Amino acid sequence: MWRRLNSLRGRLTILLAVAALAGAAIYAGVTQWPLPQLLLWMRKDLALTIRAPMQVGIYGGLLASAIVLLPLAFWLAGLVMAPVSRLLRALEGAVASYRDGDFSFSIAVNRRDELGELIRMHNALGQTLREQRQHLVQRELLLDTVVQNTPVALVLTDGSGRVAYSNIASRHLFNEGRSLNGLDFSTLLAEVPEALGKAVEGGKDALLSVEMEGSEETFHLSQRAFRLQGRPHQLHLFRRMTKELSRQEVATWKRVIRVISHELNNSLAPITSLSHSGAELARRGQLDRLPGVFATIGERALHLHRFIAGYASFAKLPTPQLAEITWKPFLDGLALHCQYVLATPLPERPGHFDAAQIEQVLINLIKNAHESGGPQDEVTLSLLEVGNELRIEVADRGPGMSETVLAQALLPFYSTKRSGTGLGLALAREIAEAHGGRVMLANREGGGLRVSLRLPTTLHP
């Protein structure tokens, strides 16, 4: 009950009741008692001549009540509205502070009504905004620290081509360590090697090598367009790849040397031994055994020739000659080289790729599937069209691959076989990327591996 009376509605009800009672009392005092009796007493006993009626009528009572009540009502209204006015002024100041980004403003609470509850909610809102602002500032500082200290040169340009944001690496790359903000990015590109400027003007991701400071530098350029605060912006990322590519190149050469050395030893050691044996047989006059020795030497020499020819074909892989491919003749020709089970219906649309290169890829993949150790009749070939992408999948039911092998299987010259060259999956990757596609590996549920060759369904110029 007390809580209701202490509310704004309860207080206003009490004040209205007081005002009504005061109005009724004034009206009664003017029309009934004591004003008529006082006037009569003054006229009779004091013999004063008063030009006023002994009885005030209804309209006169109302007029007198209004004259007395107006100042009283004005004073009561000011008394009631004073806290509300103070609160409104305080809220106006708080809104102005929030607009200026200052969330430290709070209002003292000394009330227990609705206005007090509003003040407490306002203070809680201010506290929440302060905490969020502090958290955002800390995140911005952390992000700025990371961006400024990253070795990747970052340049953000607005719709007019002027630099809106840059980091330390970009300043050293384009302006000798000085700030880039506000400068015209096209003017800065005129001062760098021409190849780098043309790559930026192309608007696409690129990997390029340029001559800088007397040495060759390799950059990976990544460009993205987006809208920031409703305005178009362009993000340019320049990553130096020279050291990383050098390390990868050295690692690749080491793998190549290991594989070639292993294969040469496997072939040359028997050839050397057989040559010595042939010479010894010739010395002893056992000529009837020489044809077998020479046949074995020829076999090892042919194996070595095929091995070197495989590496040569990988190095001399030509640009794919894209053409429209009818599926049935293509698959019939593939079936002459390897066995597989077609697991899906033929696509309605023809394929668009280099038939010889894709056939070679599929022959290698299907051969690997047969050598996986799974059932031979569960080596499947699937042809799927998903949107603008053609997916050619070769699957088996072998043991699959571990996570480590999956991560390295597409690297050139990587192989898990003792006599493997590491060219099968690497060749598939090279051919797929030349077609504008990619190769993906994944283990199958229930065992086995799925190699997915994903190619675009439209012809490239």
# chains A, B, ... in the order shown; residues from 1 in each chain; ligands from 1
$ residues_around --residues "region 89-105 of chain A" --least-positions-apart "4" --cutoff "12 Å" --atoms "only C-alpha atoms" --output "ChimeraX atom specification"
/A:82-85,109,115,118-119,121-134
$ write_last_selection --atoms "C-alpha atoms" --output "mmCIF file, in the first residue's frame"
data_model
loop_
_atom_site.group_PDB
_atom_site.id
_atom_site.type_symbol
_atom_site.label_atom_id
_atom_site.label_comp_id
_atom_site.auth_asym_id
_atom_site.auth_seq_id
_atom_site.Cartn_x
_atom_site.Cartn_y
_atom_site.Cartn_z
ATOM 1 C CA ALA A 82 10.494 20.064 -9.982
ATOM 2 C CA PRO A 83 11.999 16.513 -9.677
ATOM 3 C CA VAL A 84 10.809 15.618 -13.165
ATOM 4 C CA SER A 85 12.340 18.793 -14.586
ATOM 5 C CA VAL A 109 19.574 8.341 -7.024
ATOM 6 C CA LEU A 115 11.717 8.179 -11.564
ATOM 7 C CA LEU A 118 14.410 5.097 -14.360
ATOM 8 C CA ILE A 119 17.562 6.715 -12.958
ATOM 9 C CA MET A 121 18.249 1.817 -15.198
ATOM 10 C CA HIS A 122 19.977 4.779 -16.841
ATOM 11 C CA ASN A 123 23.029 4.344 -14.617
ATOM 12 C CA ALA A 124 23.106 0.610 -15.362
ATOM 13 C CA LEU A 125 22.939 1.409 -19.095
ATOM 14 C CA GLY A 126 25.823 3.847 -18.731
ATOM 15 C CA GLN A 127 27.880 1.231 -16.876
ATOM 16 C CA THR A 128 27.198 -1.336 -19.607
ATOM 17 C CA LEU A 129 28.134 1.147 -22.325
ATOM 18 C CA ARG A 130 31.334 2.058 -20.479
ATOM 19 C CA GLU A 131 32.338 -1.586 -20.177
ATOM 20 C CA GLN A 132 31.542 -2.272 -23.829
ATOM 21 C CA ARG A 133 33.427 0.828 -24.924
ATOM 22 C CA GLN A 134 36.443 -0.168 -22.840
#
$ residues_around --residues "Ala20 (chain A)" --least-positions-apart "3" --cutoff "12 Å" --atoms "only C-alpha atoms" --output "NGL selection string"
:A and (13-17 or 23-27 or 65-66 or 69 or 72-73)
$ closest_residue --among "A:Asp332, A:Glu176, A:Glu324, A:Glu378" --to "Asp354 (chain A)" --atoms "only C-alpha atoms"
A:Glu324
$ atom_distance --atom1 "CA of Leu76 (chain A)" --atom2 "CA of Arg120 (chain A)"
26.5 Å
$ select_by_dssp --residues "region 98-256 of chain A" --states "strand (DSSP E)" --output "ChimeraX atom specification"
/A:153-157,163-166,206-212,215-228,231-240
$ write_last_selection --atoms "C-alpha atoms" --output "PDB file, in the first residue's frame"
ATOM      1  CA  ALA A 153      51.846  -4.977 -46.103  1.00  0.00           C
ATOM      2  CA  LEU A 154      48.222  -3.801 -45.742  1.00  0.00           C
ATOM      3  CA  VAL A 155      46.708  -0.856 -47.605  1.00  0.00           C
ATOM      4  CA  LEU A 156      43.026   0.130 -47.364  1.00  0.00           C
ATOM      5  CA  THR A 157      41.793   2.594 -49.994  1.00  0.00           C
ATOM      6  CA  VAL A 163      44.713   5.492 -48.592  1.00  0.00           C
ATOM      7  CA  ALA A 164      42.391   5.279 -45.588  1.00  0.00           C
ATOM      8  CA  TYR A 165      44.562   2.946 -43.506  1.00  0.00           C
ATOM      9  CA  SER A 166      48.009   1.375 -43.745  1.00  0.00           C
ATOM     10  CA  ALA A 206      48.282 -12.696 -58.074  1.00  0.00           C
ATOM     11  CA  LEU A 207      51.695 -14.215 -57.398  1.00  0.00           C
ATOM     12  CA  LEU A 208      54.461 -12.186 -59.025  1.00  0.00           C
ATOM     13  CA  SER A 209      58.196 -11.563 -58.893  1.00  0.00           C
ATOM     14  CA  VAL A 210      59.675  -8.066 -59.151  1.00  0.00           C
ATOM     15  CA  GLU A 211      63.147  -6.552 -59.024  1.00  0.00           C
ATOM     16  CA  MET A 212      63.590  -4.520 -55.828  1.00  0.00           C
ATOM     17  CA  SER A 215      67.346  -8.554 -55.841  1.00  0.00           C
ATOM     18  CA  GLU A 216      64.267 -10.453 -56.967  1.00  0.00           C
ATOM     19  CA  GLU A 217      61.319 -10.372 -54.571  1.00  0.00           C
ATOM     20  CA  THR A 218      58.246 -12.571 -54.847  1.00  0.00           C
ATOM     21  CA  PHE A 219      54.906 -11.157 -53.646  1.00  0.00           C
ATOM     22  CA  HIS A 220      51.502 -12.698 -53.150  1.00  0.00           C
ATOM     23  CA  LEU A 221      48.884 -10.009 -53.802  1.00  0.00           C
ATOM     24  CA  SER A 222      45.392 -10.423 -52.372  1.00  0.00           C
ATOM     25  CA  GLN A 223      42.671  -7.840 -53.114  1.00  0.00           C
ATOM     26  CA  ARG A 224      39.148  -7.623 -51.715  1.00  0.00           C
ATOM     27  CA  ALA A 225      36.372  -5.068 -52.271  1.00  0.00           C
ATOM     28  CA  PHE A 226      33.789  -4.346 -49.569  1.00  0.00           C
ATOM     29  CA  ARG A 227      31.645  -1.545 -48.172  1.00  0.00           C
ATOM     30  CA  LEU A 228      32.652   0.241 -44.974  1.00  0.00           C
ATOM     31  CA  ARG A 231      31.089   3.471 -48.824  1.00  0.00           C
ATOM     32  CA  PRO A 232      33.141   1.270 -51.181  1.00  0.00           C
ATOM     33  CA  HIS A 233      36.658   0.349 -50.051  1.00  0.00           C
ATOM     34  CA  GLN A 234      39.433  -1.840 -51.439  1.00  0.00           C
ATOM     35  CA  LEU A 235      41.804  -3.904 -49.294  1.00  0.00           C
ATOM     36  CA  HIS A 236      45.238  -4.735 -50.719  1.00  0.00           C
ATOM     37  CA  LEU A 237      47.507  -7.278 -48.994  1.00  0.00           C
ATOM     38  CA  PHE A 238      51.122  -7.653 -50.145  1.00  0.00           C
ATOM     39  CA  ARG A 239      52.879 -10.664 -48.669  1.00  0.00           C
ATOM     40  CA  ARG A 240      56.569 -11.274 -49.286  1.00  0.00           C
TER      41      ARG A 240
END
$ residues_around --residues "Val146 (chain A)" --least-positions-apart "5" --cutoff "12 Å" --atoms "only C-alpha atoms" --output "PyMOL selection string"
chain A and resi 139-141+151-152+154+167-169
$ write_last_selection --atoms "C-alpha atoms" --output "compact mmCIF listing (two decimals), in the first residue's frame"
# COMPACT_ATOMS: atom_id res chain seq x y z
CA ARG A 139 40.16 -4.98 -28.91
CA GLU A 140 40.92 -2.13 -31.30
CA LEU A 141 44.30 -1.60 -29.67
CA PRO A 151 54.94 -8.63 -42.01
CA VAL A 152 52.11 -8.46 -44.57
CA LEU A 154 48.22 -3.80 -45.74
CA ASN A 167 50.42 -0.52 -41.53
CA ILE A 168 54.15 -0.25 -40.93
CA ALA A 169 55.10 -2.83 -43.57
$ residues_around --residues "Gly400 (chain A)" --least-positions-apart "3" --cutoff "10 Å" --atoms "only C-alpha atoms" --output "PDB file with all heavy atoms, in the first residue's frame"
ATOM      1  N   ALA A 369      43.949 -46.446 -56.636  1.00  0.00           N
ATOM      2  CA  ALA A 369      42.830 -47.047 -55.907  1.00  0.00           C
ATOM      3  C   ALA A 369      42.935 -48.564 -55.910  1.00  0.00           C
ATOM      4  O   ALA A 369      42.649 -49.223 -54.892  1.00  0.00           O
ATOM      5  CB  ALA A 369      41.508 -46.589 -56.524  1.00  0.00           C
ATOM      6  N   SER A 372      45.465 -49.760 -53.387  1.00  0.00           N
ATOM      7  CA  SER A 372      45.232 -49.357 -51.993  1.00  0.00           C
ATOM      8  C   SER A 372      45.070 -50.557 -51.060  1.00  0.00           C
ATOM      9  O   SER A 372      45.166 -50.397 -49.837  1.00  0.00           O
ATOM     10  CB  SER A 372      43.987 -48.472 -51.913  1.00  0.00           C
ATOM     11  OG  SER A 372      42.832 -49.216 -52.272  1.00  0.00           O
ATOM     12  N   GLY A 373      44.752 -51.707 -51.603  1.00  0.00           N
ATOM     13  CA  GLY A 373      44.571 -52.889 -50.769  1.00  0.00           C
ATOM     14  C   GLY A 373      43.130 -53.253 -50.524  1.00  0.00           C
ATOM     15  O   GLY A 373      42.850 -54.260 -49.864  1.00  0.00           O
ATOM     16  N   GLY A 374      42.191 -52.486 -51.039  1.00  0.00           N
ATOM     17  CA  GLY A 374      40.777 -52.796 -50.879  1.00  0.00           C
ATOM     18  C   GLY A 374      40.286 -53.718 -51.978  1.00  0.00           C
ATOM     19  O   GLY A 374      41.029 -54.071 -52.907  1.00  0.00           O
ATOM     20  N   ALA A 395      36.953 -43.495 -55.860  1.00  0.00           N
ATOM     21  CA  ALA A 395      36.876 -43.956 -54.473  1.00  0.00           C
ATOM     22  C   ALA A 395      37.271 -45.425 -54.385  1.00  0.00           C
ATOM     23  O   ALA A 395      37.092 -46.190 -55.340  1.00  0.00           O
ATOM     24  CB  ALA A 395      35.464 -43.755 -53.922  1.00  0.00           C
ATOM     25  N   ASP A 396      37.828 -45.782 -53.225  1.00  0.00           N
ATOM     26  CA  ASP A 396      38.183 -47.173 -52.977  1.00  0.00           C
ATOM     27  C   ASP A 396      37.794 -47.534 -51.547  1.00  0.00           C
ATOM     28  O   ASP A 396      37.302 -46.701 -50.795  1.00  0.00           O
ATOM     29  CB  ASP A 396      39.685 -47.404 -53.208  1.00  0.00           C
ATOM     30  CG  ASP A 396      40.548 -46.553 -52.283  1.00  0.00           C
ATOM     31  OD1 ASP A 396      40.494 -46.764 -51.054  1.00  0.00           O
ATOM     32  OD2 ASP A 396      41.273 -45.668 -52.776  1.00  0.00           O
ATOM     33  N   ARG A 397      38.028 -48.781 -51.178  1.00  0.00           N
ATOM     34  CA  ARG A 397      37.739 -49.263 -49.825  1.00  0.00           C
ATOM     35  C   ARG A 397      39.002 -49.784 -49.144  1.00  0.00           C
ATOM     36  O   ARG A 397      38.962 -50.742 -48.394  1.00  0.00           O
ATOM     37  CB  ARG A 397      36.676 -50.361 -49.874  1.00  0.00           C
ATOM     38  CG  ARG A 397      35.269 -49.852 -50.096  1.00  0.00           C
ATOM     39  CD  ARG A 397      34.822 -48.961 -48.968  1.00  0.00           C
ATOM     40  NE  ARG A 397      33.456 -48.462 -49.147  1.00  0.00           N
ATOM     41  CZ  ARG A 397      32.877 -47.573 -48.343  1.00  0.00           C
ATOM     42  NH1 ARG A 397      33.563 -47.085 -47.325  1.00  0.00           N
ATOM     43  NH2 ARG A 397      31.652 -47.183 -48.562  1.00  0.00           N
ATOM     44  N   GLU A 403      45.930 -38.276 -41.105  1.00  0.00           N
ATOM     45  CA  GLU A 403      45.852 -36.827 -41.245  1.00  0.00           C
ATOM     46  C   GLU A 403      47.169 -36.259 -41.763  1.00  0.00           C
ATOM     47  O   GLU A 403      47.183 -35.322 -42.564  1.00  0.00           O
ATOM     48  CB  GLU A 403      45.501 -36.188 -39.893  1.00  0.00           C
ATOM     49  CG  GLU A 403      44.113 -36.533 -39.383  1.00  0.00           C
ATOM     50  CD  GLU A 403      43.021 -35.997 -40.289  1.00  0.00           C
ATOM     51  OE1 GLU A 403      43.243 -34.946 -40.922  1.00  0.00           O
ATOM     52  OE2 GLU A 403      41.961 -36.633 -40.390  1.00  0.00           O
ATOM     53  N   VAL A 405      49.414 -37.754 -43.719  1.00  0.00           N
ATOM     54  CA  VAL A 405      49.573 -38.069 -45.135  1.00  0.00           C
ATOM     55  C   VAL A 405      48.618 -37.231 -45.975  1.00  0.00           C
ATOM     56  O   VAL A 405      48.988 -36.743 -47.056  1.00  0.00           O
ATOM     57  CB  VAL A 405      49.341 -39.575 -45.371  1.00  0.00           C
ATOM     58  CG1 VAL A 405      49.374 -39.901 -46.859  1.00  0.00           C
ATOM     59  CG2 VAL A 405      50.393 -40.384 -44.637  1.00  0.00           C
ATOM     60  N   LEU A 406      47.389 -37.031 -45.497  1.00  0.00           N
ATOM     61  CA  LEU A 406      46.429 -36.193 -46.232  1.00  0.00           C
ATOM     62  C   LEU A 406      46.958 -34.784 -46.432  1.00  0.00           C
ATOM     63  O   LEU A 406      46.734 -34.162 -47.473  1.00  0.00           O
ATOM     64  CB  LEU A 406      45.090 -36.151 -45.485  1.00  0.00           C
ATOM     65  CG  LEU A 406      44.162 -37.349 -45.643  1.00  0.00           C
ATOM     66  CD1 LEU A 406      42.940 -37.192 -44.741  1.00  0.00           C
ATOM     67  CD2 LEU A 406      43.713 -37.515 -47.093  1.00  0.00           C
ATOM     68  N   LEU A 441      41.117 -34.476 -51.195  1.00  0.00           N
ATOM     69  CA  LEU A 441      41.218 -35.834 -50.666  1.00  0.00           C
ATOM     70  C   LEU A 441      40.419 -35.931 -49.382  1.00  0.00           C
ATOM     71  O   LEU A 441      40.425 -35.001 -48.569  1.00  0.00           O
ATOM     72  CB  LEU A 441      42.679 -36.195 -50.380  1.00  0.00           C
ATOM     73  CG  LEU A 441      43.685 -36.026 -51.517  1.00  0.00           C
ATOM     74  CD1 LEU A 441      45.086 -36.375 -51.034  1.00  0.00           C
ATOM     75  CD2 LEU A 441      43.318 -36.898 -52.700  1.00  0.00           C
ATOM     76  N   ALA A 442      39.761 -37.053 -49.174  1.00  0.00           N
ATOM     77  CA  ALA A 442      39.005 -37.255 -47.933  1.00  0.00           C
ATOM     78  C   ALA A 442      38.834 -38.745 -47.696  1.00  0.00           C
ATOM     79  O   ALA A 442      38.631 -39.526 -48.651  1.00  0.00           O
ATOM     80  CB  ALA A 442      37.642 -36.569 -48.002  1.00  0.00           C
ATOM     81  N   ASN A 443      38.934 -39.136 -46.427  1.00  0.00           N
ATOM     82  CA  ASN A 443      38.656 -40.522 -46.057  1.00  0.00           C
ATOM     83  C   ASN A 443      37.154 -40.766 -46.080  1.00  0.00           C
ATOM     84  O   ASN A 443      36.356 -39.880 -45.745  1.00  0.00           O
ATOM     85  CB  ASN A 443      39.216 -40.820 -44.665  1.00  0.00           C
ATOM     86  CG  ASN A 443      40.730 -40.903 -44.663  1.00  0.00           C
ATOM     87  OD1 ASN A 443      41.325 -41.489 -45.567  1.00  0.00           O
ATOM     88  ND2 ASN A 443      41.356 -40.318 -43.652  1.00  0.00           N
ATOM     89  N   ARG A 444      36.757 -41.986 -46.458  1.00  0.00           N
ATOM     90  CA  ARG A 444      35.337 -42.336 -46.546  1.00  0.00           C
ATOM     91  C   ARG A 444      34.874 -42.994 -45.252  1.00  0.00           C
ATOM     92  O   ARG A 444      35.673 -43.614 -44.533  1.00  0.00           O
ATOM     93  CB  ARG A 444      35.110 -43.310 -47.706  1.00  0.00           C
ATOM     94  CG  ARG A 444      35.545 -42.789 -49.049  1.00  0.00           C
ATOM     95  CD  ARG A 444      35.376 -43.859 -50.112  1.00  0.00           C
ATOM     96  NE  ARG A 444      33.972 -44.223 -50.305  1.00  0.00           N
ATOM     97  CZ  ARG A 444      33.569 -45.231 -51.068  1.00  0.00           C
ATOM     98  NH1 ARG A 444      34.475 -46.008 -51.671  1.00  0.00           N
ATOM     99  NH2 ARG A 444      32.286 -45.496 -51.217  1.00  0.00           N
ATOM    100  N   GLU A 445      33.600 -42.817 -44.959  1.00  0.00           N
ATOM    101  CA  GLU A 445      33.021 -43.537 -43.832  1.00  0.00           C
ATOM    102  C   GLU A 445      32.989 -45.031 -44.151  1.00  0.00           C
ATOM    103  O   GLU A 445      32.598 -45.441 -45.242  1.00  0.00           O
ATOM    104  CB  GLU A 445      31.599 -43.040 -43.564  1.00  0.00           C
ATOM    105  CG  GLU A 445      31.534 -41.616 -43.051  1.00  0.00           C
ATOM    106  CD  GLU A 445      30.119 -41.216 -42.688  1.00  0.00           C
ATOM    107  OE1 GLU A 445      29.220 -42.087 -42.755  1.00  0.00           O
ATOM    108  OE2 GLU A 445      29.905 -40.042 -42.341  1.00  0.00           O
ATOM    109  N   GLY A 446      33.422 -45.841 -43.210  1.00  0.00           N
ATOM    110  CA  GLY A 446      33.501 -47.270 -43.435  1.00  0.00           C
ATOM    111  C   GLY A 446      34.814 -47.718 -44.041  1.00  0.00           C
ATOM    112  O   GLY A 446      34.986 -48.902 -44.333  1.00  0.00           O
ATOM    113  N   GLY A 447      35.761 -46.770 -44.233  1.00  0.00           N
ATOM    114  CA  GLY A 447      37.064 -47.120 -44.766  1.00  0.00           C
ATOM    115  C   GLY A 447      37.206 -46.751 -46.221  1.00  0.00           C
ATOM    116  O   GLY A 447      36.253 -46.777 -46.995  1.00  0.00           O
ATOM    117  N   GLY A 448      38.418 -46.385 -46.581  1.00  0.00           N
ATOM    118  CA  GLY A 448      38.675 -46.051 -47.969  1.00  0.00           C
ATOM    119  C   GLY A 448      38.977 -44.574 -48.156  1.00  0.00           C
ATOM    120  O   GLY A 448      38.875 -43.764 -47.232  1.00  0.00           O
ATOM    121  N   LEU A 449      39.347 -44.232 -49.380  1.00  0.00           N
ATOM    122  CA  LEU A 449      39.736 -42.858 -49.728  1.00  0.00           C
ATOM    123  C   LEU A 449      38.913 -42.395 -50.921  1.00  0.00           C
ATOM    124  O   LEU A 449      38.597 -43.180 -51.819  1.00  0.00           O
ATOM    125  CB  LEU A 449      41.233 -42.803 -50.067  1.00  0.00           C
ATOM    126  CG  LEU A 449      41.810 -41.430 -50.397  1.00  0.00           C
ATOM    127  CD1 LEU A 449      41.872 -40.574 -49.127  1.00  0.00           C
ATOM    128  CD2 LEU A 449      43.212 -41.561 -50.998  1.00  0.00           C
ATOM    129  N   ARG A 450      38.567 -41.107 -50.906  1.00  0.00           N
ATOM    130  CA  ARG A 450      37.862 -40.496 -52.044  1.00  0.00           C
ATOM    131  C   ARG A 450      38.710 -39.337 -52.554  1.00  0.00           C
ATOM    132  O   ARG A 450      39.030 -38.405 -51.810  1.00  0.00           O
ATOM    133  CB  ARG A 450      36.481 -39.985 -51.630  1.00  0.00           C
ATOM    134  CG  ARG A 450      35.753 -39.254 -52.775  1.00  0.00           C
ATOM    135  CD  ARG A 450      34.429 -38.683 -52.341  1.00  0.00           C
ATOM    136  NE  ARG A 450      33.448 -39.734 -52.106  1.00  0.00           N
ATOM    137  CZ  ARG A 450      33.025 -40.101 -50.913  1.00  0.00           C
ATOM    138  NH1 ARG A 450      33.502 -39.491 -49.825  1.00  0.00           N
ATOM    139  NH2 ARG A 450      32.131 -41.057 -50.768  1.00  0.00           N
TER     140      ARG A 450
END
$ closest_residue --among "A:Asn364, A:Gln321, A:Ser452, A:Thr150" --to "Leu334 (chain A)" --atoms "only C-alpha atoms"
A:Asn364
$ atom_distance --atom1 "CA of Ser275 (chain A)" --atom2 "CA of Leu302 (chain A)"
15.6 Å
